[in-house]
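The next block is target_4.pdb, given as PDB, N, CA and C atoms.
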ATOM      1  N   MET H   1     116.870  64.608 123.554
ATOM      2  CA  MET H   1     116.814  65.002 124.947
ATOM      3  C   MET H   1     115.485  64.526 125.513
ATOM      4  N   LYS H   2     115.544  63.988 126.695
ATOM      5  CA  LYS H   2     114.339  63.476 127.323
ATOM      6  C   LYS H   2     113.694  64.543 128.195
ATOM      7  N   VAL H   3     112.403  64.372 128.417
ATOM      8  CA  VAL H   3     111.657  65.321 129.243
ATOM      9  C   VAL H   3     112.155  65.277 130.683
ATOM     10  N   ASP H   4     112.581  64.093 131.147
ATOM     11  CA  ASP H   4     113.080  63.978 132.517
ATOM     12  C   ASP H   4     114.282  64.888 132.745
ATOM     13  N   GLY H   5     115.137  65.010 131.738
ATOM     14  CA  GLY H   5     116.303  65.881 131.863
ATOM     15  C   GLY H   5     115.909  67.335 132.008
ATOM     16  N   ILE H   6     114.902  67.744 131.250
ATOM     17  CA  ILE H   6     114.425  69.126 131.328
ATOM     18  C   ILE H   6     113.785  69.382 132.684
ATOM     19  N   GLN H   7     113.005  68.403 133.165
ATOM     20  CA  GLN H   7     112.374  68.565 134.476
ATOM     21  C   GLN H   7     113.420  68.650 135.575
ATOM     22  N   ALA H   8     114.479  67.856 135.460
ATOM     23  CA  ALA H   8     115.541  67.908 136.465
ATOM     24  C   ALA H   8     116.228  69.270 136.452
ATOM     25  N   GLU H   9     116.454  69.824 135.257
ATOM     26  CA  GLU H   9     117.053  71.157 135.161
ATOM     27  C   GLU H   9     116.145  72.205 135.789
ATOM     28  N   MET H  10     114.846  72.103 135.535
ATOM     29  CA  MET H  10     113.898  73.070 136.094
ATOM     30  C   MET H  10     113.867  72.975 137.614
ATOM     31  N   ARG H  11     113.891  71.753 138.142
ATOM     32  CA  ARG H  11     113.896  71.590 139.604
ATOM     33  C   ARG H  11     115.165  72.175 140.210
ATOM     34  N   ALA H  12     116.301  71.941 139.554
ATOM     35  CA  ALA H  12     117.562  72.482 140.064
ATOM     36  C   ALA H  12     117.535  74.002 140.062
ATOM     37  N   MET H  13     116.960  74.588 139.024
ATOM     38  CA  MET H  13     116.854  76.046 138.962
ATOM     39  C   MET H  13     115.922  76.569 140.045
ATOM     40  N   MET H  14     114.834  75.849 140.329
ATOM     41  CA  MET H  14     113.906  76.274 141.380
ATOM     42  C   MET H  14     114.584  76.223 142.741
ATOM     43  N   VAL H  15     115.358  75.156 142.998
ATOM     44  CA  VAL H  15     116.058  75.036 144.274
ATOM     45  C   VAL H  15     117.081  76.155 144.411
ATOM     46  N   GLU H  16     117.805  76.417 143.328
ATOM     47  CA  GLU H  16     118.807  77.483 143.356
ATOM     48  C   GLU H  16     118.160  78.838 143.607
ATOM     49  N   ALA H  17     117.024  79.085 142.976
ATOM     50  CA  ALA H  17     116.337  80.365 143.154
ATOM     51  C   ALA H  17     115.773  80.502 144.561
ATOM     52  N   SER H  18     115.292  79.412 145.140
ATOM     53  CA  SER H  18     114.697  79.496 146.472
ATOM     54  C   SER H  18     115.756  79.611 147.562
ATOM     55  N   ASN H  19     116.986  79.217 147.279
ATOM     56  CA  ASN H  19     118.046  79.282 148.280
ATOM     57  C   ASN H  19     118.685  80.656 148.387
ATOM     58  N   THR H  20     118.364  81.557 147.491
ATOM     59  CA  THR H  20     118.957  82.886 147.556
ATOM     60  C   THR H  20     118.173  83.746 148.534
ATOM     61  N   ALA H  21     118.874  84.275 149.489
ATOM     62  CA  ALA H  21     118.239  85.135 150.487
ATOM     63  C   ALA H  21     118.299  86.578 150.015
ATOM     64  N   PRO H  22     117.270  87.368 150.314
ATOM     65  CA  PRO H  22     117.321  88.780 149.925
ATOM     66  C   PRO H  22     118.420  89.492 150.701
ATOM     67  N   THR H  23     119.098  90.401 150.036
ATOM     68  CA  THR H  23     120.181  91.128 150.689
ATOM     69  C   THR H  23     119.652  92.442 151.235
ATOM     70  N   ALA H  24     120.300  92.912 152.271
ATOM     71  CA  ALA H  24     119.909  94.181 152.873
ATOM     72  C   ALA H  24     120.331  95.323 151.959
ATOM     73  N   THR H  25     119.660  96.442 152.110
ATOM     74  CA  THR H  25     119.990  97.614 151.304
ATOM     75  C   THR H  25     121.418  98.043 151.601
ATOM     76  N   GLY H  26     122.183  98.256 150.553
ATOM     77  CA  GLY H  26     123.565  98.675 150.716
ATOM     78  C   GLY H  26     124.537  97.525 150.865
ATOM     79  N   ALA H  27     124.037  96.307 151.018
ATOM     80  CA  ALA H  27     124.931  95.160 151.153
ATOM     81  C   ALA H  27     125.482  94.779 149.783
ATOM     82  N   LYS H  28     126.713  94.304 149.766
ATOM     83  CA  LYS H  28     127.331  93.915 148.499
ATOM     84  C   LYS H  28     126.746  92.583 148.056
ATOM     85  N   VAL H  29     126.341  92.542 146.814
ATOM     86  CA  VAL H  29     125.779  91.324 146.247
ATOM     87  C   VAL H  29     126.933  90.432 145.824
ATOM     88  N   GLY H  30     126.730  89.103 145.922
ATOM     89  CA  GLY H  30     127.787  88.147 145.611
ATOM     90  C   GLY H  30     128.351  88.296 144.210
ATOM     91  N   ALA H  31     127.512  88.430 143.223
ATOM     92  CA  ALA H  31     127.971  88.588 141.840
ATOM     93  C   ALA H  31     127.377  89.873 141.286
ATOM     94  N   ASP H  32     128.175  90.611 140.559
ATOM     95  CA  ASP H  32     127.624  91.846 140.026
ATOM     96  C   ASP H  32     126.819  91.569 138.760
ATOM     97  N   PHE H  33     126.097  92.562 138.334
ATOM     98  CA  PHE H  33     125.164  92.411 137.218
ATOM     99  C   PHE H  33     125.880  92.014 135.936
ATOM    100  N   GLY H  34     127.053  92.569 135.716
ATOM    101  CA  GLY H  34     127.815  92.254 134.509
ATOM    102  C   GLY H  34     128.187  90.785 134.430
ATOM    103  N   ASP H  35     128.596  90.216 135.580
ATOM    104  CA  ASP H  35     128.943  88.794 135.601
ATOM    105  C   ASP H  35     127.724  87.925 135.323
ATOM    106  N   LEU H  36     126.593  88.286 135.926
ATOM    107  CA  LEU H  36     125.373  87.514 135.693
ATOM    108  C   LEU H  36     124.945  87.585 134.234
ATOM    109  N   LEU H  37     125.049  88.751 133.649
ATOM    110  CA  LEU H  37     124.683  88.921 132.246
ATOM    111  C   LEU H  37     125.624  88.133 131.338
ATOM    112  N   THR H  38     126.908  88.159 131.652
ATOM    113  CA  THR H  38     127.884  87.403 130.864
ATOM    114  C   THR H  38     127.605  85.910 130.935
ATOM    115  N   LYS H  39     127.303  85.406 132.126
ATOM    116  CA  LYS H  39     126.990  83.983 132.274
ATOM    117  C   LYS H  39     125.738  83.609 131.493
ATOM    118  N   ALA H  40     124.733  84.463 131.536
ATOM    119  CA  ALA H  40     123.494  84.180 130.811
ATOM    120  C   ALA H  40     123.735  84.151 129.304
ATOM    121  N   ILE H  41     124.520  85.091 128.812
ATOM    122  CA  ILE H  41     124.818  85.125 127.374
ATOM    123  C   ILE H  41     125.650  83.913 126.975
ATOM    124  N   ASN H  42     126.601  83.526 127.816
ATOM    125  CA  ASN H  42     127.395  82.330 127.526
ATOM    126  C   ASN H  42     126.528  81.076 127.520
ATOM    127  N   ASN H  43     125.532  81.032 128.401
ATOM    128  CA  ASN H  43     124.614  79.896 128.434
ATOM    129  C   ASN H  43     123.805  79.824 127.143
ATOM    130  N   VAL H  44     123.317  80.950 126.673
ATOM    131  CA  VAL H  44     122.570  80.987 125.412
ATOM    132  C   VAL H  44     123.477  80.559 124.265
ATOM    133  N   ASN H  45     124.711  81.022 124.285
ATOM    134  CA  ASN H  45     125.669  80.653 123.245
ATOM    135  C   ASN H  45     125.914  79.144 123.235
ATOM    136  N   SER H  46     126.075  78.553 124.411
ATOM    137  CA  SER H  46     126.317  77.108 124.471
ATOM    138  C   SER H  46     125.095  76.325 124.000
ATOM    139  N   LEU H  47     123.890  76.814 124.308
ATOM    140  CA  LEU H  47     122.683  76.152 123.807
ATOM    141  C   LEU H  47     122.622  76.205 122.286
ATOM    142  N   GLN H  48     123.001  77.333 121.707
ATOM    143  CA  GLN H  48     122.982  77.453 120.251
ATOM    144  C   GLN H  48     124.042  76.570 119.604
ATOM    145  N   LYS H  49     125.219  76.486 120.217
ATOM    146  CA  LYS H  49     126.263  75.614 119.681
ATOM    147  C   LYS H  49     125.847  74.147 119.759
ATOM    148  N   ALA H  50     125.269  73.749 120.897
ATOM    149  CA  ALA H  50     124.821  72.364 121.050
ATOM    150  C   ALA H  50     123.740  72.034 120.032
ATOM    151  N   SER H  51     122.847  72.973 119.803
ATOM    152  CA  SER H  51     121.793  72.779 118.813
ATOM    153  C   SER H  51     122.386  72.614 117.420
ATOM    154  N   GLY H  52     123.344  73.446 117.081
ATOM    155  CA  GLY H  52     124.004  73.343 115.779
ATOM    156  C   GLY H  52     124.764  72.038 115.618
ATOM    157  N   ASP H  53     125.424  71.600 116.702
ATOM    158  CA  ASP H  53     126.153  70.333 116.651
ATOM    159  C   ASP H  53     125.204  69.158 116.439
ATOM    160  N   LEU H  54     124.077  69.167 117.151
ATOM    161  CA  LEU H  54     123.087  68.102 116.960
ATOM    162  C   LEU H  54     122.546  68.115 115.539
ATOM    163  N   GLN H  55     122.292  69.299 115.007
ATOM    164  CA  GLN H  55     121.795  69.415 113.635
ATOM    165  C   GLN H  55     122.798  68.828 112.649
ATOM    166  N   THR H  56     124.073  69.148 112.847
ATOM    167  CA  THR H  56     125.118  68.633 111.962
ATOM    168  C   THR H  56     125.222  67.117 112.058
ATOM    169  N   ARG H  57     125.186  66.598 113.284
ATOM    170  CA  ARG H  57     125.255  65.145 113.463
ATOM    171  C   ARG H  57     124.066  64.453 112.819
ATOM    172  N   PHE H  58     122.881  65.047 112.963
ATOM    173  CA  PHE H  58     121.686  64.462 112.350
ATOM    174  C   PHE H  58     121.794  64.492 110.828
ATOM    175  N   ASP H  59     122.280  65.604 110.289
ATOM    176  CA  ASP H  59     122.429  65.733 108.839
ATOM    177  C   ASP H  59     123.419  64.722 108.275
ATOM    178  N   ARG H  60     124.422  64.377 109.057
ATOM    179  CA  ARG H  60     125.427  63.406 108.608
ATOM    180  C   ARG H  60     124.960  61.964 108.782
ATOM    181  N   GLY H  61     123.804  61.773 109.391
ATOM    182  CA  GLY H  61     123.245  60.430 109.527
ATOM    183  C   GLY H  61     123.645  59.699 110.789
ATOM    184  N   ASP H  62     124.015  60.429 111.823
ATOM    185  CA  ASP H  62     124.376  59.807 113.096
ATOM    186  C   ASP H  62     123.147  59.116 113.677
ATOM    187  N   ALA H  63     123.268  57.814 113.950
ATOM    188  CA  ALA H  63     122.131  57.038 114.445
ATOM    189  C   ALA H  63     121.780  57.378 115.894
ATOM    190  N   ASP H  64     122.700  58.001 116.618
ATOM    191  CA  ASP H  64     122.453  58.341 118.024
ATOM    192  C   ASP H  64     121.623  59.607 118.192
ATOM    193  N   VAL H  65     121.395  60.336 117.105
ATOM    194  CA  VAL H  65     120.662  61.604 117.179
ATOM    195  C   VAL H  65     119.348  61.455 116.426
ATOM    196  N   SER H  66     118.251  61.683 117.145
ATOM    197  CA  SER H  66     116.937  61.596 116.503
ATOM    198  C   SER H  66     116.457  62.996 116.119
ATOM    199  N   LEU H  67     115.464  63.019 115.266
ATOM    200  CA  LEU H  67     114.893  64.294 114.835
ATOM    201  C   LEU H  67     114.288  65.040 116.021
ATOM    202  N   SER H  68     113.681  64.295 116.945
ATOM    203  CA  SER H  68     113.080  64.956 118.112
ATOM    204  C   SER H  68     114.150  65.624 118.978
ATOM    205  N   ASP H  69     115.327  64.987 119.109
ATOM    206  CA  ASP H  69     116.423  65.609 119.863
ATOM    207  C   ASP H  69     116.849  66.923 119.222
ATOM    208  N   VAL H  70     116.938  66.911 117.897
ATOM    209  CA  VAL H  70     117.345  68.113 117.167
ATOM    210  C   VAL H  70     116.307  69.214 117.346
ATOM    211  N   MET H  71     115.030  68.859 117.217
ATOM    212  CA  MET H  71     113.968  69.860 117.327
ATOM    213  C   MET H  71     113.882  70.435 118.741
ATOM    214  N   ILE H  72     114.050  69.598 119.748
ATOM    215  CA  ILE H  72     114.003  70.082 121.132
ATOM    216  C   ILE H  72     115.170  71.024 121.400
ATOM    217  N   ALA H  73     116.367  70.631 120.966
ATOM    218  CA  ALA H  73     117.539  71.492 121.163
ATOM    219  C   ALA H  73     117.378  72.806 120.410
ATOM    220  N   ARG H  74     116.835  72.744 119.197
ATOM    221  CA  ARG H  74     116.636  73.953 118.392
ATOM    222  C   ARG H  74     115.630  74.883 119.075
ATOM    223  N   ASN H  75     114.548  74.313 119.609
ATOM    224  CA  ASN H  75     113.538  75.138 120.280
ATOM    225  C   ASN H  75     114.068  75.735 121.578
ATOM    226  N   LYS H  76     114.853  74.958 122.336
ATOM    227  CA  LYS H  76     115.440  75.495 123.565
ATOM    228  C   LYS H  76     116.350  76.678 123.262
ATOM    229  N   SER H  77     117.172  76.530 122.230
ATOM    230  CA  SER H  77     118.078  77.633 121.893
ATOM    231  C   SER H  77     117.306  78.831 121.357
ATOM    232  N   SER H  78     116.223  78.579 120.645
ATOM    233  CA  SER H  78     115.407  79.673 120.114
ATOM    234  C   SER H  78     114.725  80.447 121.238
ATOM    235  N   VAL H  79     114.167  79.725 122.202
ATOM    236  CA  VAL H  79     113.508  80.380 123.335
ATOM    237  C   VAL H  79     114.525  81.175 124.152
ATOM    238  N   ALA H  80     115.690  80.590 124.382
ATOM    239  CA  ALA H  80     116.725  81.286 125.149
ATOM    240  C   ALA H  80     117.180  82.552 124.429
ATOM    241  N   PHE H  81     117.338  82.466 123.111
ATOM    242  CA  PHE H  81     117.762  83.639 122.347
ATOM    243  C   PHE H  81     116.683  84.716 122.351
ATOM    244  N   ASP H  82     115.426  84.310 122.170
ATOM    245  CA  ASP H  82     114.327  85.285 122.192
ATOM    246  C   ASP H  82     114.241  85.986 123.546
ATOM    247  N   ALA H  83     114.428  85.224 124.627
ATOM    248  CA  ALA H  83     114.405  85.826 125.960
ATOM    249  C   ALA H  83     115.559  86.811 126.124
ATOM    250  N   THR H  84     116.719  86.464 125.593
ATOM    251  CA  THR H  84     117.878  87.353 125.667
ATOM    252  C   THR H  84     117.623  88.650 124.907
ATOM    253  N   VAL H  85     117.008  88.544 123.751
ATOM    254  CA  VAL H  85     116.689  89.743 122.967
ATOM    255  C   VAL H  85     115.699  90.622 123.725
ATOM    256  N   GLN H  86     114.699  90.017 124.356
ATOM    257  CA  GLN H  86     113.726  90.793 125.120
ATOM    258  C   GLN H  86     114.380  91.485 126.314
ATOM    259  N   ILE H  87     115.294  90.789 126.972
ATOM    260  CA  ILE H  87     116.012  91.403 128.095
ATOM    261  C   ILE H  87     116.847  92.576 127.607
ATOM    262  N   ARG H  88     117.515  92.391 126.475
ATOM    263  CA  ARG H  88     118.300  93.484 125.901
ATOM    264  C   ARG H  88     117.415  94.680 125.591
ATOM    265  N   ASN H  89     116.242  94.417 125.008
ATOM    266  CA  ASN H  89     115.325  95.509 124.673
ATOM    267  C   ASN H  89     114.875  96.260 125.925
ATOM    268  N   LYS H  90     114.580  95.529 126.992
ATOM    269  CA  LYS H  90     114.165  96.175 128.243
ATOM    270  C   LYS H  90     115.310  96.976 128.856
ATOM    271  N   LEU H  91     116.531  96.452 128.772
ATOM    272  CA  LEU H  91     117.678  97.196 129.296
ATOM    273  C   LEU H  91     117.886  98.498 128.535
ATOM    274  N   VAL H  92     117.773  98.445 127.223
ATOM    275  CA  VAL H  92     117.932  99.655 126.412
ATOM    276  C   VAL H  92     116.821 100.644 126.732
ATOM    277  N   GLU H  93     115.601 100.149 126.865
ATOM    278  CA  GLU H  93     114.467 101.017 127.194
ATOM    279  C   GLU H  93     114.665 101.666 128.565
ATOM    280  N   SER H  94     115.129 100.886 129.537
ATOM    281  CA  SER H  94     115.374 101.431 130.877
ATOM    282  C   SER H  94     116.484 102.470 130.854
ATOM    283  N   TYR H  95     117.517 102.207 130.088
ATOM    284  CA  TYR H  95     118.614 103.171 129.964
ATOM    285  C   TYR H  95     118.114 104.483 129.367
ATOM    286  N   LYS H  96     117.296 104.390 128.338
ATOM    287  CA  LYS H  96     116.747 105.601 127.718
ATOM    288  C   LYS H  96     115.873 106.370 128.707
ATOM    289  N   ASP H  97     115.076 105.637 129.497
ATOM    290  CA  ASP H  97     114.245 106.295 130.509
ATOM    291  C   ASP H  97     115.109 107.027 131.534
ATOM    292  N   LEU H  98     116.187 106.387 131.965
ATOM    293  CA  LEU H  98     117.083 107.032 132.927
ATOM    294  C   LEU H  98     117.750 108.267 132.338
ATOM    295  N   MET H  99     118.137 108.186 131.089
ATOM    296  CA  MET H  99     118.804 109.322 130.450
ATOM    297  C   MET H  99     117.845 110.488 130.227
ATOM    298  N   ASN H 100     116.567 110.218 130.097
ATOM    299  CA  ASN H 100     115.583 111.273 129.865
ATOM    300  C   ASN H 100     115.020 111.865 131.152
ATOM    301  N   MET H 101     115.433 111.343 132.305
ATOM    302  CA  MET H 101     114.944 111.881 133.573
ATOM    303  C   MET H 101     115.576 113.242 133.847
ATOM    304  N   PRO H 102     114.772 114.168 134.347
ATOM    305  CA  PRO H 102     115.352 115.466 134.710
ATOM    306  C   PRO H 102     116.197 115.328 135.978
ATOM    307  N   VAL H 103     117.247 116.113 136.039
ATOM    308  CA  VAL H 103     118.155 116.039 137.190
ATOM    309  C   VAL H 103     117.755 117.002 138.262
TER     310      VAL H 103
END

Could you write out this file's structure as structure tokens?
Amino acid sequence: MKVDGIQAEMRAMMVEASNTAPTATGAKVGADFGDLLTKAINNVNSLQKASGDLQTRFDRGDADVSLSDVMIARNKSSVAFDATVQIRNKLVESYKDLMNMPV
């Protein structure tokens, strides 16, 4: 994977993030939290599968796959998974805080 591809992905994400307008209180949000979480988990899953596929192709001696491609894909999937675990931990912590609040 080339650095230009990663930069293009980052720019696309920045444009997407900047195009979202804040919603008014009580307004229905376009996608609910569950859908966003599902999409994020599916994205992490696809990164891990792609990383595994590249690893397998490299192990079999595919000339189109370099070691740097494998390492970059492996690191991307690792960072995405670590971020997902941290988000899960924060969600569990927030849930526990809500459950411990007095009514």

Do you have the atom N of Asp53 in chain H-CA of Leu37 in chain H distance handy?
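If I compute the distance from atom N of Asp53 in chain H to CA of Leu37 in chain H, I get 23.3 Å.
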
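These are the residues of range 34-64 of chain H assigned helix (DSSP H, G or I) by DSSP from backbone coordinates: Gly34, Asp35, Leu36, Leu37, Thr38, Lys39, Ala40, Ile41, Asn42, Asn43, Val44, Asn45, Ser46, Leu47, Gln48, Lys49, Ala50, Ser51, Gly52, Asp53, Leu54, Gln55, Thr56, Arg57, Phe58 and Asp59 of chain H.
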
Within 7 Å of Leu54 in chain H, counting only N, CA and C atoms, which residues show up once you throw out same-chain ones fewer than 3 positions away? Write them as a PyMOL selection string, please.
chain H and resi 49-51+57-59+65+69-70

Explicit residue set for the PyMOL selection byres ((chain H and resi 79-93) around 8), as number ranges by chain:
H: 40-41, 43-45, 47-48, 73-78, 94-99

Just how far from CA of Gly61 in chain H is CA of Glu9 in chain H, in Å to one decimal?
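Here the two named atoms are 28.5 Å from each other.
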
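From CA of Arg11 in chain H back to atom N of Thr56 in chain H, the distance works out to 28.7 Å.
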
Around all of range 35-42 of chain H's listed atoms, make the axis-aligned box with 8 Å on each side and tell me centre and edge lengths in Å to one decimal, as JSON.
{"center_x": 126.2, "center_y": 85.6, "center_z": 131.5, "size_x": 21.4, "size_y": 25.1, "size_z": 25.0}
